[in-house]
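Data block for query09.txt (compact mmCIF, C-alpha atoms):
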# COMPACT_ATOMS: atom_id res chain seq x y z
CA MET A 1 14.03 13.75 -37.86
CA SER A 2 12.45 13.97 -34.37
CA ASP A 3 12.26 11.02 -31.98
CA ASP A 4 8.51 10.75 -32.63
CA ASP A 5 9.05 10.66 -36.41
CA GLU A 6 11.73 8.06 -35.99
CA LEU A 7 9.48 5.92 -33.78
CA ALA A 8 6.71 6.22 -36.36
CA SER A 9 9.09 5.17 -39.13
CA LEU A 10 10.24 2.16 -37.11
CA GLY A 11 6.60 1.41 -36.37
CA ARG A 12 5.80 1.34 -40.09
CA ALA A 13 8.69 -1.08 -40.73
CA LEU A 14 7.55 -3.36 -37.89
CA GLY A 15 3.83 -2.78 -38.32
CA THR A 16 3.09 -6.39 -39.24
CA LEU A 17 4.80 -7.80 -36.17
CA ALA A 18 2.01 -9.62 -34.34
CA PRO A 19 1.31 -13.07 -32.98
CA PRO A 20 -0.22 -15.36 -35.61
CA PRO A 21 -4.04 -15.67 -35.37
CA ARG A 22 -3.77 -19.42 -34.72
CA LEU A 23 -2.19 -18.61 -31.35
CA ARG A 24 -5.42 -17.13 -30.06
CA GLN A 25 -7.28 -20.37 -30.72
CA ALA A 26 -4.41 -22.38 -29.23
CA ILE A 27 -4.57 -20.32 -26.05
CA ARG A 28 -8.37 -20.63 -25.94
CA ASN A 29 -8.04 -24.41 -26.16
CA ARG A 30 -5.43 -24.60 -23.45
CA VAL A 31 -7.41 -22.25 -21.18
CA ALA A 32 -10.52 -24.38 -21.70
CA ALA A 33 -8.59 -27.41 -20.46
CA THR A 34 -6.92 -25.68 -17.51
CA PRO A 35 -8.57 -25.09 -14.12
CA GLN A 36 -7.84 -21.93 -12.20
CA ALA A 37 -5.98 -21.95 -8.90
CA GLY A 38 -7.91 -21.02 -5.77
CA PRO A 39 -7.51 -17.61 -4.19
CA ARG A 40 -4.26 -17.17 -2.32
CA THR A 41 -4.50 -18.03 1.36
CA ALA A 42 -1.91 -17.24 3.95
CA PRO A 43 0.15 -20.17 5.33
CA TRP A 44 -1.03 -21.62 8.66
CA TRP A 45 1.87 -20.14 10.61
CA ALA A 46 1.04 -16.64 9.32
CA LEU A 47 -2.60 -17.05 10.37
CA ALA A 48 -1.52 -18.30 13.81
CA ALA A 49 0.90 -15.38 14.24
CA ALA A 50 -1.80 -12.91 13.20
CA ALA A 51 -4.26 -14.41 15.72
CA ILE A 52 -1.72 -14.18 18.57
CA LEU A 53 -0.85 -10.60 17.62
CA ALA A 54 -4.53 -9.63 17.49
CA ALA A 55 -5.10 -11.13 20.95
CA VAL A 56 -2.12 -9.24 22.41
CA VAL A 57 -3.24 -5.96 20.85
CA TYR A 58 -6.82 -6.49 22.08
CA VAL A 59 -5.68 -7.12 25.64
CA ALA A 60 -3.32 -4.14 25.56
CA LEU A 61 -5.87 -1.72 24.16
CA THR A 62 -9.01 -2.83 26.01
CA PRO A 63 -9.74 -0.50 28.96
CA MET A 64 -9.53 -2.16 32.37
CA LYS A 65 -13.02 -3.14 33.37
CA SER A 66 -12.31 -5.95 35.73
CA ALA A 67 -14.08 -6.09 39.08
CA ASP A 68 -10.78 -5.41 40.88
CA ALA A 69 -10.17 -2.00 39.33
CA PRO A 70 -11.61 1.16 40.95
CA ALA A 71 -14.51 2.55 39.00
CA LEU A 72 -13.43 6.18 39.26
CA LEU A 73 -10.51 7.78 37.48
CA VAL A 74 -9.47 11.25 38.58
CA THR A 75 -7.50 13.51 36.24
CA PRO A 76 -5.10 15.12 36.97
CA ASN A 77 -3.73 12.94 39.70
CA PRO A 78 -2.03 14.37 41.71
CA ILE A 79 -3.75 17.76 41.60
CA ASP A 80 -0.94 20.32 41.48
CA PHE A 81 -1.58 24.00 42.18
CA GLY A 82 2.10 24.90 41.77
CA ASP A 83 3.38 28.14 43.33
CA VAL A 84 0.68 30.21 44.98
CA ARG A 85 1.28 33.61 46.57
CA TRP A 86 -0.16 33.75 50.12
CA SER A 87 -3.63 35.37 50.16
CA GLU A 88 -4.30 34.38 46.54
CA ASP A 89 -7.33 32.20 45.74
CA VAL A 90 -6.62 29.71 42.96
CA GLU A 91 -8.87 27.12 41.27
CA ARG A 92 -8.15 23.92 39.38
CA GLU A 93 -10.44 21.78 37.20
CA VAL A 94 -10.58 18.07 37.96
CA VAL A 95 -12.31 15.43 35.85
CA ILE A 96 -13.87 12.38 37.49
CA GLU A 97 -14.64 9.55 35.09
CA ASN A 98 -16.60 6.36 35.70
CA ARG A 99 -14.63 3.65 33.87
CA SER A 100 -16.76 0.79 35.09
CA SER A 101 -19.71 -0.79 33.35
CA ARG A 102 -22.21 0.24 36.01
CA PRO A 103 -23.46 3.58 37.42
CA VAL A 104 -21.61 5.01 40.43
CA THR A 105 -23.00 7.52 42.93
CA LEU A 106 -20.51 10.15 44.09
CA ARG A 107 -20.69 12.15 47.30
CA ASP A 108 -19.20 15.53 47.95
CA PRO A 109 -15.41 15.37 47.89
CA SER A 110 -13.82 16.35 51.19
CA PHE A 111 -10.32 17.60 52.02
CA ASP A 112 -7.92 17.12 54.91
CA CYS A 113 -7.23 20.88 54.96
CA SER A 114 -9.79 23.63 55.38
CA CYS A 115 -7.78 25.61 52.84
CA PHE A 116 -9.42 23.56 50.03
CA THR A 117 -13.08 23.82 49.09
CA LEU A 118 -15.26 22.69 46.29
CA ALA A 119 -15.92 25.76 44.14
CA VAL A 120 -19.30 24.47 42.99
CA PRO A 121 -22.47 23.69 44.91
CA PRO A 122 -22.46 20.46 46.95
CA LEU A 123 -22.24 17.44 44.72
CA VAL A 124 -24.18 14.20 45.00
CA LEU A 125 -24.12 12.74 41.60
CA ARG A 126 -25.01 9.53 39.83
CA LEU A 127 -22.38 8.99 37.21
CA GLU A 128 -23.40 6.62 34.40
CA ALA A 129 -20.95 4.03 33.05
CA GLY A 130 -18.36 5.72 30.82
CA HIS A 131 -19.52 9.24 31.76
CA ASN A 132 -17.47 11.94 33.46
CA VAL A 133 -17.99 15.13 35.44
CA THR A 134 -15.75 18.17 35.83
CA ILE A 135 -15.46 19.79 39.26
CA ARG A 136 -13.52 22.88 40.39
CA ILE A 137 -11.38 22.90 43.53
CA ALA A 138 -10.35 26.17 45.14
CA LEU A 139 -7.26 26.78 47.27
CA ARG A 140 -7.70 29.61 49.77
CA SER A 141 -4.07 30.23 50.63
CA ARG A 142 -4.84 32.53 53.53
CA LEU A 143 -5.87 29.36 55.40
CA ALA A 144 -2.64 27.52 54.58
CA LYS A 145 0.83 27.66 56.04
CA LEU A 146 3.69 29.06 54.00
CA GLY A 147 5.82 26.49 52.22
CA PRO A 148 5.02 23.18 50.58
CA LEU A 149 1.50 21.85 50.97
CA GLU A 150 0.83 18.10 50.65
CA LYS A 151 -2.82 17.29 51.24
CA SER A 152 -5.54 15.02 49.85
CA MET A 153 -8.96 15.11 48.32
CA ILE A 154 -11.13 12.26 49.59
CA LEU A 155 -13.68 11.01 47.11
CA ARG A 156 -16.45 8.78 48.43
CA SER A 157 -18.77 6.72 46.30
CA ASP A 158 -20.75 3.49 46.22
CA ASP A 159 -18.02 1.82 44.18
CA PRO A 160 -17.61 -1.58 45.94
CA VAL A 161 -13.97 -1.82 44.92
CA ALA A 162 -12.83 1.62 46.11
CA PRO A 163 -15.55 3.37 48.16
CA ARG A 164 -12.91 5.90 49.27
CA LEU A 165 -10.36 7.35 46.87
CA ASP A 166 -7.55 9.60 48.16
CA VAL A 167 -6.18 11.95 45.55
CA PRO A 168 -3.02 13.88 46.48
CA ILE A 169 -3.07 17.70 46.18
CA ARG A 170 0.13 19.72 46.04
CA ALA A 171 0.91 23.40 46.25
CA HIS A 172 3.72 25.67 47.36
CA VAL A 173 2.55 28.75 49.25
CA LEU A 174 4.88 31.71 48.86
CA PRO A 175 5.08 34.74 51.15
CA LEU A 176 3.55 38.03 50.06
CA GLU A 177 5.88 40.22 48.04
CA PRO A 178 7.08 43.19 50.12
CA PRO A 179 5.61 46.47 48.83
CA ARG A 180 8.00 48.40 46.57
CA MET B 181 -16.59 -4.56 -21.52
CA ASP B 182 -13.67 -2.63 -20.05
CA SER B 183 -10.49 -4.34 -18.91
CA ALA B 184 -11.33 -4.19 -15.20
CA GLU B 185 -14.71 -5.83 -15.83
CA ALA B 186 -13.07 -8.47 -18.05
CA VAL B 187 -10.54 -9.21 -15.30
CA ARG B 188 -13.31 -9.46 -12.69
CA ARG B 189 -15.24 -11.92 -14.85
CA ALA B 190 -12.17 -13.91 -15.90
CA ARG B 191 -11.18 -14.21 -12.25
CA THR B 192 -14.38 -16.12 -11.62
CA GLY B 193 -13.71 -18.51 -14.49
CA ASP B 194 -15.27 -16.67 -17.46
CA ARG B 195 -13.15 -17.87 -20.39
CA ASP B 196 -14.73 -15.48 -22.91
CA ALA B 197 -13.74 -12.57 -20.69
CA PHE B 198 -10.20 -13.93 -20.62
CA ASP B 199 -10.25 -14.11 -24.42
CA THR B 200 -11.16 -10.41 -24.41
CA LEU B 201 -8.07 -9.78 -22.32
CA TYR B 202 -5.97 -11.69 -24.84
CA GLU B 203 -7.46 -9.59 -27.63
CA ARG B 204 -6.54 -6.45 -25.71
CA TYR B 205 -3.05 -7.34 -24.49
CA GLY B 206 -1.92 -10.30 -26.61
CA ARG B 207 -0.05 -8.31 -29.23
CA ALA B 208 1.57 -6.00 -26.66
CA VAL B 209 2.82 -8.95 -24.62
CA TYR B 210 4.07 -10.62 -27.80
CA LEU B 211 6.05 -7.50 -28.80
CA HIS B 212 7.44 -7.27 -25.28
CA VAL B 213 8.60 -10.88 -25.42
CA VAL B 214 10.03 -10.58 -28.94
CA GLY B 215 12.03 -7.63 -27.67
CA LEU B 216 13.25 -9.57 -24.63
CA ILE B 217 14.26 -12.81 -26.28
CA GLY B 218 14.80 -11.78 -29.91
CA ASP B 219 13.18 -14.89 -31.31
CA ARG B 220 9.73 -14.73 -32.87
CA VAL B 221 9.06 -18.48 -32.78
CA GLU B 222 10.12 -18.79 -29.16
CA ALA B 223 8.06 -15.66 -28.39
CA GLU B 224 4.92 -17.51 -29.49
CA ASP B 225 5.60 -20.25 -26.94
CA VAL B 226 6.33 -17.69 -24.25
CA LEU B 227 3.13 -15.82 -25.08
CA GLN B 228 1.10 -19.00 -24.62
CA THR B 229 2.90 -19.83 -21.39
CA ALA B 230 2.38 -16.33 -20.03
CA PHE B 231 -1.35 -16.26 -20.77
CA LEU B 232 -1.84 -19.74 -19.41
CA ARG B 233 -0.05 -18.81 -16.17
CA ALA B 234 -2.13 -15.61 -15.99
CA TRP B 235 -5.33 -17.62 -16.41
CA THR B 236 -4.31 -20.12 -13.75
CA HIS B 237 -3.33 -17.54 -11.15
CA LEU B 238 -5.87 -14.83 -11.97
CA PRO B 239 -8.02 -15.57 -8.88
CA ARG B 240 -5.02 -14.51 -6.79
CA LEU B 241 -4.81 -11.06 -8.41
CA ARG B 242 -6.48 -8.79 -5.87
CA ARG B 243 -6.58 -5.47 -7.76
CA GLU B 244 -7.94 -5.76 -11.28
CA GLU B 245 -6.46 -2.41 -12.32
CA ARG B 246 -3.01 -3.98 -11.81
CA PHE B 247 -3.71 -6.69 -14.38
CA ALA B 248 -1.55 -5.29 -17.21
CA PRO B 249 1.68 -4.82 -15.20
CA TRP B 250 1.05 -8.19 -13.52
CA LEU B 251 0.65 -9.88 -16.92
CA PHE B 252 3.80 -8.24 -18.25
CA ARG B 253 5.71 -9.41 -15.19
CA ILE B 254 4.54 -12.97 -15.82
CA ALA B 255 5.61 -12.64 -19.46
CA THR B 256 9.01 -11.26 -18.42
CA ASN B 257 9.57 -14.24 -16.12
CA ALA B 258 8.47 -16.68 -18.80
CA ALA B 259 10.81 -14.97 -21.26
CA ARG B 260 13.70 -15.33 -18.80
CA ASP B 261 12.98 -19.03 -18.52
CA ALA B 262 12.99 -19.30 -22.30
CA LEU B 263 16.21 -17.31 -22.55
CA GLY B 264 17.87 -19.84 -20.28
CA ARG B 265 16.93 -22.55 -22.76
CA LEU B 266 17.93 -20.43 -25.75
CA ARG B 267 21.38 -19.64 -24.42
CA GLU B 268 22.48 -23.01 -25.69
CA ARG B 269 21.56 -21.96 -29.21
CA PRO B 270 21.65 -18.16 -29.43
CA ARG B 271 19.86 -16.66 -32.39
CA PRO B 272 19.74 -13.12 -33.69
CA LEU B 273 16.55 -11.07 -33.59
CA HIS B 274 15.89 -11.52 -37.32
CA ALA B 275 15.22 -14.94 -38.86
CA GLU B 276 18.20 -16.79 -40.27
CA ASP B 277 18.95 -20.22 -41.54
CA ASP B 278 19.09 -21.84 -38.09
CA VAL B 279 15.31 -22.11 -37.92
CA VAL B 280 13.55 -25.18 -36.63
CA GLY B 281 9.82 -25.55 -37.18
CA PRO B 282 7.33 -23.32 -38.94
CA ASP B 283 9.04 -19.95 -38.67
CA PRO B 284 6.92 -17.11 -40.04
CA ALA B 285 7.70 -16.27 -43.66
CA PRO B 286 10.24 -13.43 -43.74
CA ILE B 287 8.88 -10.05 -44.74
CA PRO B 288 11.66 -7.79 -46.03
CA ASP B 289 10.70 -4.59 -44.17
CA LEU B 290 9.96 -6.49 -40.99
CA GLU B 291 13.24 -8.37 -41.12
CA ALA B 292 15.16 -5.17 -41.77
CA GLY B 293 13.31 -3.44 -38.96
CA LEU B 294 14.03 -6.24 -36.50
CA ALA B 295 17.64 -6.47 -37.63
CA SER B 296 18.05 -2.78 -36.90
CA LEU B 297 17.28 -3.47 -33.23
CA ASP B 298 20.17 -5.92 -32.85
CA GLY B 299 22.72 -4.52 -30.46
CA LEU B 300 20.15 -2.93 -28.13
CA THR B 301 19.53 -4.45 -24.71
CA PRO B 302 16.47 -6.73 -24.45
CA GLU B 303 14.61 -4.26 -22.22
CA THR B 304 15.29 -1.40 -24.64
CA ARG B 305 14.14 -3.47 -27.61
CA SER B 306 10.96 -4.28 -25.75
CA LEU B 307 10.06 -0.70 -24.91
CA LEU B 308 10.99 0.46 -28.41
CA LEU B 309 8.68 -2.15 -29.97
CA LEU B 310 5.80 -1.15 -27.70
CA ARG B 311 6.27 2.52 -28.48
CA ALA B 312 6.98 2.18 -32.21
CA VAL B 313 4.55 -0.56 -33.20
CA LEU B 314 1.65 0.18 -30.86
CA GLY B 315 2.30 3.92 -30.67
CA TRP B 316 2.19 3.78 -26.87
CA SER B 317 3.17 6.90 -24.96
CA ALA B 318 6.01 6.87 -22.46
CA GLU B 319 3.39 6.88 -19.67
CA GLU B 320 1.51 3.86 -21.05
CA THR B 321 4.74 1.94 -21.57
CA ALA B 322 6.00 2.83 -18.10
CA ALA B 323 2.74 1.65 -16.51
CA VAL B 324 3.03 -1.88 -17.85
CA LEU B 325 6.79 -2.19 -17.48
CA GLY B 326 6.75 -0.97 -13.89
CA THR B 327 9.00 2.04 -14.33
CA THR B 328 8.67 5.80 -14.76
CA ALA B 329 7.76 7.73 -17.90
CA SER B 330 10.96 9.77 -17.65
CA THR B 331 13.03 6.56 -17.65
CA ILE B 332 11.15 5.34 -20.72
CA ARG B 333 11.73 8.69 -22.51
CA ARG B 334 15.43 8.65 -21.63
CA LYS B 335 15.90 5.06 -22.79
CA THR B 336 13.92 5.70 -25.98
CA ALA B 337 16.03 8.74 -26.84
CA ARG B 338 19.26 6.83 -26.17
CA ALA B 339 18.10 3.85 -28.25
CA LEU B 340 17.13 6.05 -31.21
CA GLU B 341 20.48 7.81 -30.97
CA HIS B 342 22.17 4.42 -31.09
CA LEU B 343 20.13 3.42 -34.15
CA ARG B 344 20.97 6.72 -35.89
CA ALA B 345 24.67 6.26 -35.20
CA ARG B 346 24.56 2.74 -36.62
CA ALA B 347 22.65 3.88 -39.70
CA ALA B 348 25.17 6.66 -40.28
CA ALA B 349 28.05 4.22 -40.00
CA ARG B 350 26.49 2.09 -42.75
CA ILE B 351 26.27 4.99 -45.25
CA PRO B 352 29.45 4.92 -47.35
CA HIS B 353 31.39 8.17 -47.38
CA VAL B 354 31.85 9.64 -50.87
As C-alpha cells, the full file:
Amino acid sequence: MSDDDELASLGRALGTLAPPPRLRQAIRNRVAATPQAGPRTAPWWALAAAAILAAVVYVALTPMKSADAPALLVTPNPIDFGDVRWSEDVEREVVIENRSSRPVTLRDPSFDCSCFTLAVPPLVLRLEAGHNVTIRIALRSRLAKLGPLEKSMILRSDDPVAPRLDVPIRAHVLPLEPPR
Amino acid sequence: MDSAEAVRRARTGDRDAFDTLYERYGRAVYLHVVGLIGDRVEAEDVLQTAFLRAWTHLPRLRREERFAPWLFRIATNAARDALGRLRERPRPLHAEDDVVGPDPAPIPDLEAGLASLDGLTPETRSLLLLRAVLGWSAEETAAVLGTTASTIRRKTARALEHLRARAAARIPHV
C-alpha cells in the first residue's frame, strides 16, 4: 500500500474527528464579549532611537548648502595629466558644478602657466543652482619644462564665499624618445 | 469572501468575518491541537483559547496572507500551555476511563485510529492528522506549520513506516 493510500485509510478511520458544533457558538459568544487590542505600536525608546537615527542620517546625507561652503565644485581635483611626452598636446575634461542654491556666474578660467589653455571658446557662463558644465583643458607640453609640473587653474566667479578658486594641476613632462 | 478579505474585515472588528475564519480553519486547528496534546477534551479548550487570542490580537497582524501560520503558532503555544497543565495527569490519545466532564462518546473506528497514533511525537501526530483527515498536501501542511514540504514528506513517510511496523508486530505469526 502506498503512502497516499495509507493516509487515505487513516483519514477514513479518523474522518469524524472534528470539534463539536457547540464550540463554534461558544467561540462566537466569547468573541462578542471580547474587545480587540489596538494595533501594535513601538515602545517609546524605539521611537526615540529611530528619530535620532533619522536625524543623523539626514545630516550625513544632505549636501552641504551652508553659506560658508564654496558654491563651485571642480572634478577632478587635482587635475592630473600624468606622464606627457614633450611636444605632445593632451586634453582633460573637467566638470564644474554649482552646489549652491543660487545661480553663479563663471568667468574664463586662467592658469599660472602659459602651457595650459582652455580648449573651448572663452567662457562666461551663468550656472544655475545644481547645474554643471564640462570644460576641456589642454596642456601644450612644448611650452613646459621637462620634469614634474605643479601649476593651478584659477576659477573666478561671483560666488561671495569663494570668488577665486585655485585648482591644482599636475603633469610630468618626459623627454622625447631618441629616434631608433 | 476569501480568507484575506475575511482577515481584513475581522481586523477591523467584524465578528461575522471572524466566524468565517473559524469555519475555514477551526477543524484544522483542532486536529493540530489534538495531535499535539493527545486529549480531545483539552483540545476543545485550547481551540477556544487560540481563537480568542487570535481575535484579540488580530489588529496587530500586518500581513493578512500570513493569518493561517500565525493562527497555528498561537494554537501551538496554547497547546504547550495546556500540556504543562496536563503533565500532572498524563492521558493517552484515545479516551479511557480517566475522563472528567463530557468527553465525546467513543466511536470505535475513531478510537482505534487515534490509538494507532500513540507512540508518535506530538508534531508528527499533528501533521499526520492534517494530511490524513483533511487530505492536505505536504505543501499546504508545511505552509501552516512553518516548515518545508520536503520535511513534511519525510516525516510523513517515517510516521507511516512506524505505523506499519507496529501493525505488523500485532499480527500473530502462524
Compute the set of chain B residues within 9 Å of chain A, using all atoms listed in the file, and express it as a PyMOL selection string.
chain B and resi 191-193+195-196+198-199+202-203+206-208+210-211+220+223-224+227-229+231-232+235-241+284+287+289-294+308-309+311-315+336-337+340-341
Write out as an MDAnalysis selection string each polymer residue whose atoms come within 8 Å of range 249-254 of chain B, counting all atoms listed in the file; drop sequence neighbours fewer than 2 positions from it.
chainID B and resid 209 212 230:231 233:234 246:247 256:258 323:326
Which of these, A:His131, A:Arg136, A:Lys145, A:Arg102, has the shortest distance to Val90 in chain A once you count only C-alpha atoms?
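Closest residue, counting only C-alpha atoms: A:Arg136.
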Which one of B:Val221, B:Ala197, B:Ala186, B:Leu263 sits closest to Glu245 in chain B if you count only C-alpha atoms?
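Ranked by minimum distance to Glu245 in chain B, first place goes to B:Ala186.
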Determine, counting all atoms listed in the file, which protein, DNA and RNA residues have an atom within 9 Å of an atom of range 147-164 of chain A; residues of the same chain fewer than 6 positions away are not included. Present the result as a ChimeraX atom specification.
/A:67-72,78-79,83,103-113,116,170-175
In terms of the shortest atom-to-atom distance over only C-alpha atoms, which of B:Val226, B:Arg260, B:Gly218, B:Ala349 is closest to Ala295 in chain B?
B:Gly218
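Take CA of Arg267 in chain B and CA of Pro21 in chain A: the distance between them is 28.0 Å.
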Distance CA of Gly130 in chain A-CA of Glu97 in chain A, one decimal place?
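Interatomic distance here is 6.8 Å.
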Just give me the gap between CA of Thr75 in chain A and CA of Glu88 in chain A in Å, one decimal is fine.
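For CA of Thr75 in chain A relative to CA of Glu88 in chain A, the distance reads 23.5 Å.
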Taking all listed atoms of range 90-105 of chain A, build the axis-aligned box, pad each of the six sides by 8 Å, then write its centre and edge lengths in Å to one decimal as AutoDock Vina command-line options.
--center_x -15.0 --center_y 14.5 --center_z 38.2 --size_x 32.8 --size_y 46.5 --size_z 25.6
